[in-house]
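Structure below is work.cif: mmCIF, C-alpha atoms.
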```cif
data_coords
#
loop_
_atom_site.group_PDB
_atom_site.id
_atom_site.type_symbol
_atom_site.label_atom_id
_atom_site.label_comp_id
_atom_site.auth_asym_id
_atom_site.auth_seq_id
_atom_site.Cartn_x
_atom_site.Cartn_y
_atom_site.Cartn_z
ATOM 1 C CA MET A 1389 -4.590 8.936 14.666
ATOM 2 C CA ASP A 1390 -5.391 9.939 11.101
ATOM 3 C CA ALA A 1391 -4.225 7.693 8.258
ATOM 4 C CA ILE A 1392 -4.281 10.431 5.604
ATOM 5 C CA ILE A 1393 -3.274 14.076 5.404
ATOM 6 C CA THR A 1394 -4.451 16.727 2.941
ATOM 7 C CA ALA A 1395 -2.060 18.798 0.846
ATOM 8 C CA SER A 1396 -3.051 21.997 2.655
ATOM 9 C CA ARG A 1397 -2.463 20.444 6.053
ATOM 10 C CA TRP A 1398 0.869 19.087 4.903
ATOM 11 C CA ALA A 1399 1.897 22.587 3.823
ATOM 12 C CA GLY A 1400 1.257 23.806 7.356
ATOM 13 C CA GLU A 1401 3.102 20.936 9.046
ATOM 14 C CA ALA A 1402 6.017 21.187 6.610
ATOM 15 C CA ALA A 1403 6.505 24.804 7.657
ATOM 16 C CA GLY A 1404 6.761 23.876 11.327
ATOM 17 C CA GLU A 1405 9.896 23.686 13.451
ATOM 18 C CA ARG A 1406 10.132 19.900 13.234
ATOM 19 C CA PRO A 1407 8.091 18.695 10.259
ATOM 20 C CA PRO A 1408 7.312 15.014 9.763
ATOM 21 C CA THR A 1409 9.739 12.888 7.796
ATOM 22 C CA LEU A 1410 8.608 12.905 4.163
ATOM 23 C CA LEU A 1411 9.017 9.869 1.876
ATOM 24 C CA ASP A 1412 8.524 9.797 -1.906
ATOM 25 C CA VAL A 1413 7.422 6.289 -2.934
ATOM 26 C CA ARG A 1414 6.538 6.770 -6.596
ATOM 27 C CA TRP A 1415 6.286 3.440 -8.424
ATOM 28 C CA GLU A 1416 4.600 1.818 -11.399
ATOM 29 C CA MET A 1417 3.783 -1.857 -11.838
ATOM 30 C CA THR A 1418 5.839 -2.834 -14.890
ATOM 31 C CA LEU A 1419 6.295 -6.569 -14.410
ATOM 32 C CA ALA A 1420 5.977 -8.637 -17.554
ATOM 33 C CA LYS A 1421 4.897 -11.855 -15.820
ATOM 34 C CA ALA A 1422 4.847 -13.339 -12.354
ATOM 35 C CA GLY A 1423 8.268 -13.976 -10.908
ATOM 36 C CA GLY A 1424 9.951 -11.526 -13.266
ATOM 37 C CA SER A 1425 11.988 -8.515 -12.327
ATOM 38 C CA PRO A 1426 10.880 -4.920 -12.984
ATOM 39 C CA ALA A 1427 10.661 -4.314 -16.728
ATOM 40 C CA GLY A 1428 10.712 -0.528 -16.531
ATOM 41 C CA PRO A 1429 12.255 2.296 -14.517
ATOM 42 C CA THR A 1430 11.455 2.811 -10.867
ATOM 43 C CA GLY A 1431 10.027 6.075 -9.577
ATOM 44 C CA ARG A 1432 13.513 7.467 -8.996
ATOM 45 C CA ALA A 1433 13.518 9.229 -12.369
ATOM 46 C CA ALA A 1434 10.280 10.996 -11.475
ATOM 47 C CA TYR A 1435 11.725 11.921 -8.080
ATOM 48 C CA GLU A 1436 14.848 13.383 -9.676
ATOM 49 C CA ALA A 1437 12.720 15.379 -12.120
ATOM 50 C CA GLY A 1438 10.850 17.041 -9.269
ATOM 51 C CA HIS A 1439 9.589 16.123 -5.804
ATOM 52 C CA LEU A 1440 8.061 17.726 -2.742
ATOM 53 C CA PRO A 1441 10.599 19.785 -0.791
ATOM 54 C CA GLY A 1442 12.279 17.714 1.897
ATOM 55 C CA ALA A 1443 11.236 14.332 0.484
ATOM 56 C CA VAL A 1444 13.575 11.328 0.349
ATOM 57 C CA PHE A 1445 13.027 8.681 -2.316
ATOM 58 C CA VAL A 1446 12.253 5.107 -1.249
ATOM 59 C CA ASP A 1447 12.314 2.273 -3.803
ATOM 60 C CA LEU A 1448 9.282 0.009 -3.382
ATOM 61 C CA ASP A 1449 10.714 -2.987 -5.242
ATOM 62 C CA ALA A 1450 14.115 -2.893 -3.531
ATOM 63 C CA GLU A 1451 13.284 -1.563 -0.049
ATOM 64 C CA LEU A 1452 9.591 -2.200 0.651
ATOM 65 C CA ALA A 1453 9.483 -5.772 -0.653
ATOM 66 C CA GLY A 1454 11.649 -8.850 -0.819
ATOM 67 C CA PRO A 1455 12.718 -10.471 -4.084
ATOM 68 C CA PRO A 1456 9.860 -12.065 -6.069
ATOM 69 C CA GLY A 1457 9.539 -15.805 -5.612
ATOM 70 C CA PRO A 1458 7.285 -18.513 -4.149
ATOM 71 C CA GLN A 1459 5.831 -16.045 -1.620
ATOM 72 C CA GLY A 1460 4.673 -13.674 -4.350
ATOM 73 C CA ARG A 1461 5.869 -10.742 -6.418
ATOM 74 C CA HIS A 1462 6.132 -8.356 -3.459
ATOM 75 C CA PRO A 1463 6.684 -10.412 -0.306
ATOM 76 C CA LEU A 1464 7.576 -8.772 2.978
ATOM 77 C CA PRO A 1465 11.044 -7.229 2.859
ATOM 78 C CA ASP A 1466 14.007 -8.453 4.824
ATOM 79 C CA LEU A 1467 13.727 -6.513 8.079
ATOM 80 C CA ALA A 1468 17.397 -5.508 8.009
ATOM 81 C CA VAL A 1469 17.025 -4.075 4.498
ATOM 82 C CA PHE A 1470 13.772 -2.319 5.347
ATOM 83 C CA GLY A 1471 15.083 -0.900 8.621
ATOM 84 C CA ALA A 1472 18.271 0.387 7.006
ATOM 85 C CA ALA A 1473 16.267 2.036 4.211
ATOM 86 C CA MET A 1474 13.975 3.753 6.687
ATOM 87 C CA ARG A 1475 16.861 5.016 8.811
ATOM 88 C CA ARG A 1476 18.648 6.278 5.690
ATOM 89 C CA ALA A 1477 15.482 8.197 4.836
ATOM 90 C CA GLY A 1478 15.495 9.795 8.279
ATOM 91 C CA VAL A 1479 12.694 7.781 9.865
ATOM 92 C CA SER A 1480 12.725 7.809 13.659
ATOM 93 C CA ALA A 1481 10.297 6.231 16.087
ATOM 94 C CA ASP A 1482 9.398 9.533 17.777
ATOM 95 C CA ARG A 1483 8.815 11.572 14.631
ATOM 96 C CA PRO A 1484 5.695 11.397 12.426
ATOM 97 C CA VAL A 1485 6.066 10.175 8.855
ATOM 98 C CA VAL A 1486 4.174 11.282 5.743
ATOM 99 C CA VAL A 1487 4.388 9.229 2.543
ATOM 100 C CA TYR A 1488 3.241 10.044 -0.971
ATOM 101 C CA ASP A 1489 3.404 8.747 -4.525
ATOM 102 C CA GLY A 1490 2.380 9.878 -7.990
ATOM 103 C CA GLY A 1491 -1.289 10.013 -7.055
ATOM 104 C CA GLN A 1492 -2.567 6.461 -7.422
ATOM 105 C CA GLY A 1493 -1.900 5.892 -3.748
ATOM 106 C CA TRP A 1494 -0.939 2.225 -3.974
ATOM 107 C CA ALA A 1495 2.794 2.601 -3.349
ATOM 108 C CA ALA A 1496 2.333 5.199 -0.622
ATOM 109 C CA ALA A 1497 -0.154 2.909 1.092
ATOM 110 C CA ARG A 1498 2.341 0.042 0.916
ATOM 111 C CA ALA A 1499 4.896 2.199 2.756
ATOM 112 C CA TRP A 1500 2.231 3.344 5.231
ATOM 113 C CA TRP A 1501 1.157 -0.231 5.958
ATOM 114 C CA LEU A 1502 4.709 -1.578 6.294
ATOM 115 C CA LEU A 1503 5.747 1.140 8.723
ATOM 116 C CA ARG A 1504 2.618 0.649 10.808
ATOM 117 C CA TRP A 1505 3.032 -3.153 10.713
ATOM 118 C CA ALA A 1506 6.648 -2.708 11.802
ATOM 119 C CA GLY A 1507 5.636 -0.656 14.819
ATOM 120 C CA HIS A 1508 5.836 3.009 13.807
ATOM 121 C CA PRO A 1509 3.017 4.793 15.665
ATOM 122 C CA ASP A 1510 2.382 7.788 13.399
ATOM 123 C CA VAL A 1511 2.297 7.406 9.600
ATOM 124 C CA ARG A 1512 -0.009 9.191 7.135
ATOM 125 C CA VAL A 1513 -0.509 9.118 3.375
ATOM 126 C CA LEU A 1514 -0.649 12.405 1.467
ATOM 127 C CA ASP A 1515 -4.126 12.130 -0.036
ATOM 128 C CA GLY A 1516 -3.887 12.490 -3.811
ATOM 129 C CA GLY A 1517 -0.083 12.472 -3.860
ATOM 130 C CA VAL A 1518 1.960 14.795 -6.056
ATOM 131 C CA ALA A 1519 -1.069 15.824 -8.106
ATOM 132 C CA ALA A 1520 -2.931 17.044 -5.035
ATOM 133 C CA TRP A 1521 0.146 18.936 -3.865
ATOM 134 C CA THR A 1522 0.679 20.781 -7.146
ATOM 135 C CA ALA A 1523 -3.068 21.411 -7.564
ATOM 136 C CA ALA A 1524 -2.992 23.167 -4.201
ATOM 137 C CA GLY A 1525 -0.180 25.420 -5.442
ATOM 138 C CA GLY A 1526 2.668 23.452 -3.936
ATOM 139 C CA ALA A 1527 6.067 23.675 -5.588
ATOM 140 C CA LEU A 1528 8.375 20.840 -6.602
ATOM 141 C CA THR A 1529 12.142 20.821 -6.322
ATOM 142 C CA THR A 1530 15.071 18.815 -7.645
ATOM 143 C CA GLU A 1531 17.132 19.444 -4.512
ATOM 144 C CA VAL A 1532 17.912 16.221 -2.655
ATOM 145 C CA PRO A 1533 17.755 16.907 1.084
ATOM 146 C CA ALA A 1534 20.523 15.905 3.458
ATOM 147 C CA VAL A 1535 18.556 14.234 6.240
ATOM 148 C CA PRO A 1536 20.031 12.972 9.511
ATOM 149 C CA GLU A 1537 20.072 9.215 10.046
ATOM 150 C CA GLY A 1538 16.931 7.995 11.757
ATOM 151 C CA ASP A 1539 16.692 5.492 14.594
ATOM 152 C CA PHE A 1540 13.687 3.422 13.516
ATOM 153 C CA ALA A 1541 14.035 -0.287 14.337
ATOM 154 C CA PRO A 1542 11.281 -2.481 12.853
ATOM 155 C CA ARG A 1543 9.267 -4.481 15.356
ATOM 156 C CA PRO A 1544 6.810 -6.418 13.205
ATOM 157 C CA GLY A 1545 3.383 -7.557 14.282
ATOM 158 C CA ALA A 1546 1.551 -4.312 15.028
ATOM 159 C CA LEU A 1547 -0.916 -5.043 12.193
ATOM 160 C CA PRO A 1548 -2.375 -8.455 11.276
ATOM 161 C CA VAL A 1549 -1.244 -10.446 8.250
ATOM 162 C CA LEU A 1550 -2.593 -13.535 6.528
ATOM 163 C CA ASP A 1551 -0.834 -16.401 4.832
ATOM 164 C CA ALA A 1552 -2.495 -18.478 2.105
ATOM 165 C CA ASP A 1553 -4.142 -20.889 4.528
ATOM 166 C CA GLY A 1554 -5.339 -18.007 6.679
ATOM 167 C CA ALA A 1555 -6.804 -16.217 3.668
ATOM 168 C CA ALA A 1556 -8.663 -19.368 2.604
ATOM 169 C CA ALA A 1557 -10.089 -19.833 6.091
ATOM 170 C CA LEU A 1558 -11.094 -16.203 6.429
ATOM 171 C CA ALA A 1559 -12.925 -16.336 3.081
ATOM 172 C CA ARG A 1560 -15.103 -19.083 4.569
ATOM 173 C CA ARG A 1561 -15.839 -17.525 7.954
ATOM 174 C CA GLY A 1562 -15.497 -13.785 7.306
ATOM 175 C CA VAL A 1563 -15.064 -11.362 4.405
ATOM 176 C CA LEU A 1564 -12.039 -11.600 2.130
ATOM 177 C CA LEU A 1565 -11.913 -8.626 -0.250
ATOM 178 C CA ASP A 1566 -10.210 -8.892 -3.646
ATOM 179 C CA ALA A 1567 -8.838 -5.421 -4.438
ATOM 180 C CA ARG A 1568 -7.994 -6.124 -8.101
ATOM 181 C CA ALA A 1569 -9.988 -4.960 -11.093
ATOM 182 C CA GLY A 1570 -13.295 -6.773 -11.524
ATOM 183 C CA GLU A 1571 -12.280 -8.455 -14.770
ATOM 184 C CA ARG A 1572 -9.274 -10.027 -13.069
ATOM 185 C CA TYR A 1573 -11.446 -11.226 -10.186
ATOM 186 C CA ARG A 1574 -13.895 -12.787 -12.634
ATOM 187 C CA GLY A 1575 -11.054 -14.502 -14.503
ATOM 188 C CA GLU A 1576 -11.745 -12.733 -17.789
ATOM 189 C CA VAL A 1577 -8.164 -11.484 -18.078
ATOM 190 C CA GLU A 1578 -4.911 -12.028 -16.210
ATOM 191 C CA PRO A 1579 -2.107 -9.766 -17.448
ATOM 192 C CA VAL A 1580 0.512 -10.714 -14.867
ATOM 193 C CA ASP A 1581 -0.001 -13.967 -12.986
ATOM 194 C CA PRO A 1582 -0.123 -17.520 -14.402
ATOM 195 C CA VAL A 1583 -3.774 -18.285 -13.546
ATOM 196 C CA ALA A 1584 -6.921 -16.148 -13.841
ATOM 197 C CA GLY A 1585 -9.691 -16.005 -11.254
ATOM 198 C CA HIS A 1586 -10.011 -15.407 -7.521
ATOM 199 C CA ILE A 1587 -9.669 -17.114 -4.165
ATOM 200 C CA PRO A 1588 -12.831 -19.169 -3.520
ATOM 201 C CA GLY A 1589 -15.172 -17.212 -1.269
ATOM 202 C CA ALA A 1590 -13.541 -13.840 -1.902
ATOM 203 C CA VAL A 1591 -15.629 -10.740 -2.671
ATOM 204 C CA SER A 1592 -14.757 -8.372 -5.523
ATOM 205 C CA ALA A 1593 -13.915 -4.902 -4.196
ATOM 206 C CA PRO A 1594 -11.703 -3.011 -6.678
ATOM 207 C CA THR A 1595 -9.576 -0.475 -4.844
ATOM 208 C CA THR A 1596 -10.101 1.987 -7.702
ATOM 209 C CA GLU A 1597 -13.663 2.465 -6.447
ATOM 210 C CA ASN A 1598 -12.354 3.912 -3.174
ATOM 211 C CA VAL A 1599 -11.151 7.100 -4.832
ATOM 212 C CA ALA A 1600 -12.819 10.039 -6.540
ATOM 213 C CA ALA A 1601 -11.945 11.358 -9.997
ATOM 214 C CA ASP A 1602 -9.155 13.519 -8.542
ATOM 215 C CA GLY A 1603 -7.420 10.473 -7.055
ATOM 216 C CA ARG A 1604 -8.280 11.312 -3.462
ATOM 217 C CA LEU A 1605 -10.036 8.908 -1.135
ATOM 218 C CA ARG A 1606 -13.775 9.231 -0.892
ATOM 219 C CA PRO A 1607 -15.164 10.578 2.409
ATOM 220 C CA ALA A 1608 -15.134 8.178 5.350
ATOM 221 C CA ALA A 1609 -18.926 7.830 5.387
ATOM 222 C CA GLU A 1610 -18.991 6.851 1.701
ATOM 223 C CA LEU A 1611 -16.234 4.316 2.212
ATOM 224 C CA ALA A 1612 -17.980 2.848 5.261
ATOM 225 C CA ALA A 1613 -21.209 2.479 3.279
ATOM 226 C CA ARG A 1614 -19.381 0.838 0.391
ATOM 227 C CA PHE A 1615 -17.657 -1.723 2.588
ATOM 228 C CA ALA A 1616 -20.809 -2.382 4.631
ATOM 229 C CA ALA A 1617 -22.634 -3.247 1.393
ATOM 230 C CA LEU A 1618 -19.912 -5.837 0.758
ATOM 231 C CA GLY A 1619 -20.352 -7.299 4.230
ATOM 232 C CA ALA A 1620 -17.210 -5.663 5.592
ATOM 233 C CA GLY A 1621 -18.497 -3.706 8.553
ATOM 234 C CA PRO A 1622 -16.551 -2.854 11.727
ATOM 235 C CA ASP A 1623 -17.789 -6.035 13.458
ATOM 236 C CA ALA A 1624 -16.833 -8.386 10.614
ATOM 237 C CA GLU A 1625 -13.563 -10.278 10.303
ATOM 238 C CA VAL A 1626 -12.040 -8.751 7.176
ATOM 239 C CA GLY A 1627 -9.013 -9.572 5.045
ATOM 240 C CA VAL A 1628 -7.720 -8.078 1.799
ATOM 241 C CA TYR A 1629 -5.583 -9.298 -1.086
ATOM 242 C CA CYS A 1630 -4.717 -8.097 -4.585
ATOM 243 C CA GLY A 1631 -2.189 -9.162 -7.191
ATOM 244 C CA SER A 1632 0.960 -8.833 -5.103
ATOM 245 C CA GLY A 1633 0.134 -7.004 -1.879
ATOM 246 C CA VAL A 1634 0.468 -3.406 -3.115
ATOM 247 C CA SER A 1635 -2.991 -2.226 -4.170
ATOM 248 C CA ALA A 1636 -4.427 -4.235 -1.268
ATOM 249 C CA ALA A 1637 -2.530 -1.909 1.063
ATOM 250 C CA HIS A 1638 -4.495 0.958 -0.461
ATOM 251 C CA GLU A 1639 -7.725 -0.946 0.209
ATOM 252 C CA LEU A 1640 -6.564 -1.342 3.804
ATOM 253 C CA LEU A 1641 -5.943 2.410 3.962
ATOM 254 C CA ALA A 1642 -9.518 3.019 2.798
ATOM 255 C CA LEU A 1643 -10.833 0.483 5.314
ATOM 256 C CA THR A 1644 -8.899 2.231 8.076
ATOM 257 C CA VAL A 1645 -10.394 5.594 7.118
ATOM 258 C CA ALA A 1646 -13.812 3.899 7.165
ATOM 259 C CA GLY A 1647 -13.171 2.497 10.654
ATOM 260 C CA VAL A 1648 -12.944 -1.159 9.595
ATOM 261 C CA PRO A 1649 -9.972 -3.207 10.895
ATOM 262 C CA ALA A 1650 -8.572 -5.681 8.373
ATOM 263 C CA ALA A 1651 -5.669 -8.042 7.751
ATOM 264 C CA LEU A 1652 -3.447 -8.105 4.648
ATOM 265 C CA TYR A 1653 -2.667 -11.263 2.692
ATOM 266 C CA VAL A 1654 0.768 -10.087 1.579
ATOM 267 C CA GLY A 1655 1.459 -12.877 -0.906
ATOM 268 C CA SER A 1656 -1.906 -12.227 -2.554
ATOM 269 C CA TRP A 1657 -2.857 -13.701 -5.924
ATOM 270 C CA SER A 1658 0.748 -13.919 -7.115
ATOM 271 C CA GLU A 1659 1.473 -16.442 -4.356
ATOM 272 C CA TRP A 1660 -1.911 -18.159 -4.402
ATOM 273 C CA SER A 1661 -2.066 -18.768 -8.164
ATOM 274 C CA ALA A 1662 1.514 -20.005 -8.417
ATOM 275 C CA ALA A 1663 0.985 -22.733 -5.823
ATOM 276 C CA GLY A 1664 -1.778 -24.656 -7.583
ATOM 277 C CA ARG A 1665 -4.440 -23.736 -5.041
ATOM 278 C CA PRO A 1666 -8.183 -23.821 -5.864
ATOM 279 C CA VAL A 1667 -9.432 -21.060 -8.145
ATOM 280 C CA SER A 1668 -12.896 -19.634 -8.729
ATOM 281 C CA THR A 1669 -14.083 -17.582 -11.711
ATOM 282 C CA GLY A 1670 -17.150 -15.544 -12.532
ATOM 283 C CA ALA A 1671 -18.921 -12.834 -10.583
ATOM 284 C CA GLY A 1672 -19.917 -14.965 -7.574
ATOM 285 C CA ARG A 1673 -17.803 -15.695 -4.510
ATOM 286 C CA GLY A 1674 -17.442 -19.313 -5.558
#
```

Would you kindly transcribe this structure into structure tokens?
Amino acid sequence: MDAIITASRWAGEAAGERPPTLLDVRWEMTLAKAGGSPAGPTGRAAYEAGHLPGAVFVDLDAELAGPPGPQGRHPLPDLAVFGAAMRRAGVSADRPVVVYDGGQGWAAARAWWLLRWAGHPDVRVLDGGVAAWTAAGGALTTEVPAVPEGDFAPRPGALPVLDADGAAALARRGVLLDARAGERYRGEVEPVDPVAGHIPGAVSAPTTENVAADGRLRPAAELAARFAALGAGPDAEVGVYCGSGVSAAHELLALTVAGVPAALYVGSWSEWSAAGRPVSTGAGRG
């Protein structure tokens, strides 16, 4: 099963008799500091200004994550809240789902990963998001579709997750990738969380390097070569974390396209750094 779909292929599937359910997950990270609540608008305003025909808006902060707290800024959502949101958006177990965002891919990948983790068998990310759609000549609309209630019931556990102890252990015996910007990994800056640096033993692997200038994922062979150079080949035990479990989902998407299974540390640095755990700085794994 493919993890991504191109804009041109989506146009063809959208014109079919029973197109996949389409979710708009536009979102921007606007948190002032760890543990705070969103400081800016959600992606709903962008959705209302124009979205792909047939798309239903899903709020990442409210529906794809639990409230920020000791488990991080974007912990796993309450399953009842998540399931209700997916059914409201028309998600059913026997119907494919396509998710997109504004083009960065992080939020769409979070929705992709959550649905797959919760047992949905067929979820893809629109590669390049809204920008790729409009560049291909696709139109936007302000019409909000009336979609029938879906029947999706989350059954978590289809994809592996890590807690803090598991991430620490994996960094020692396998390959733990840090998907944040390199300067955050090195501890040179920390704009959000209370402590700068990285999990000891983690490898810097900024998720921004997985995409080309147009915001689309690099070809599978390029991604596989990149991860292999970091020690994350298909036979390695691989985990990923970021600041709060959002951009790491995009790294997992890239790993999936490259054919490398990996686990997500959902709490990520926002949980790790708030708990007084060991911290490394500098360019080395530590």

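Between CA of Leu1448 (chain A) and CA of Arg1397 (chain A) the interatomic distance comes to 25.4 Å.
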
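Residue membership of the PyMOL selection byres ((chain A and resi 1441) around 7) in the shown file amounts to His1439, Leu1440, Gly1442, Ala1443, Leu1528 and Thr1529 of chain A.
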
*Carefully work through the PyMOL selection byres ((chain A and resi 1563) around 8) for this structure and note down the residues it includes, as a ChimeraX atom specification.*
/A:1558-1562,1564-1565,1590-1591,1619-1620,1624-1627

_Nearest to Ala1391 (chain A) by atom-to-atom distance, counting all atoms listed in the file, from A:His1638, A:Arg1614, A:Arg1512, A:Arg1543_ = A:Arg1512

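Within the 10 Å cut-off around region 1572-1574 of chain A, using all atoms listed in the file and omitting residues fewer than 3 positions from it on the same chain, the listed residues are Asp1566, Ala1567, Arg1568, Ala1569, Val1577, Glu1578, Pro1579, Val1580, Val1583, Ala1584, Gly1585, His1586, Ile1587, Ala1590, Val1591, Ser1592, Ala1593, Pro1594, Cys1630, Gly1631, Trp1657, Ser1668, Thr1669, Gly1670, Ala1671, Gly1672 and Arg1673 of chain A.
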
Surrounding residues of Ala1453 (chain A) excluding itself and chain neighbours under 6 positions, 7 Å, all atoms listed in the file, as a short mmCIF file (atom, residue, chain, number, x, y, z; two decimals) with C-alpha atoms, in the coordinates of the input:
```
data_model
loop_
_atom_site.label_atom_id
_atom_site.label_comp_id
_atom_site.auth_asym_id
_atom_site.auth_seq_id
_atom_site.Cartn_x
_atom_site.Cartn_y
_atom_site.Cartn_z
CA HIS A 1462 6.13 -8.36 -3.46
CA PRO A 1463 6.68 -10.41 -0.31
CA LEU A 1464 7.58 -8.77 2.98
CA PRO A 1465 11.04 -7.23 2.86
#
```

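Closest to Val1469 (chain A) among A:Glu1610, A:Pro1542, A:Ala1499, A:Val1444 is A:Pro1542, based on all atoms listed in the file.
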
For Tyr1435 (chain A), please output as a PDB file with C-alpha atoms, in the frame of the given file all residues within 10 Å (counting all atoms listed in the file; exclusion window: fewer than 2 positions along the same chain).
```pdb
ATOM      1  CA  ASP A1412       8.524   9.797  -1.906  1.00  0.00           C
ATOM      2  CA  VAL A1413       7.422   6.289  -2.934  1.00  0.00           C
ATOM      3  CA  ARG A1414       6.538   6.770  -6.596  1.00  0.00           C
ATOM      4  CA  THR A1430      11.455   2.811 -10.867  1.00  0.00           C
ATOM      5  CA  GLY A1431      10.027   6.075  -9.577  1.00  0.00           C
ATOM      6  CA  ARG A1432      13.513   7.467  -8.996  1.00  0.00           C
ATOM      7  CA  ALA A1433      13.518   9.229 -12.369  1.00  0.00           C
ATOM      8  CA  ALA A1437      12.720  15.379 -12.120  1.00  0.00           C
ATOM      9  CA  GLY A1438      10.850  17.041  -9.269  1.00  0.00           C
ATOM     10  CA  HIS A1439       9.589  16.123  -5.804  1.00  0.00           C
ATOM     11  CA  LEU A1440       8.061  17.726  -2.742  1.00  0.00           C
ATOM     12  CA  ALA A1443      11.236  14.332   0.484  1.00  0.00           C
ATOM     13  CA  VAL A1444      13.575  11.328   0.349  1.00  0.00           C
ATOM     14  CA  PHE A1445      13.027   8.681  -2.316  1.00  0.00           C
ATOM     15  CA  VAL A1446      12.253   5.107  -1.249  1.00  0.00           C
ATOM     16  CA  ASP A1489       3.404   8.747  -4.525  1.00  0.00           C
ATOM     17  CA  GLY A1490       2.380   9.878  -7.990  1.00  0.00           C
ATOM     18  CA  LEU A1528       8.375  20.840  -6.602  1.00  0.00           C
ATOM     19  CA  THR A1529      12.142  20.821  -6.322  1.00  0.00           C
ATOM     20  CA  THR A1530      15.071  18.815  -7.645  1.00  0.00           C
ATOM     21  CA  GLU A1531      17.132  19.444  -4.512  1.00  0.00           C
ATOM     22  CA  VAL A1532      17.912  16.221  -2.655  1.00  0.00           C
TER      23      VAL A1532
END
```
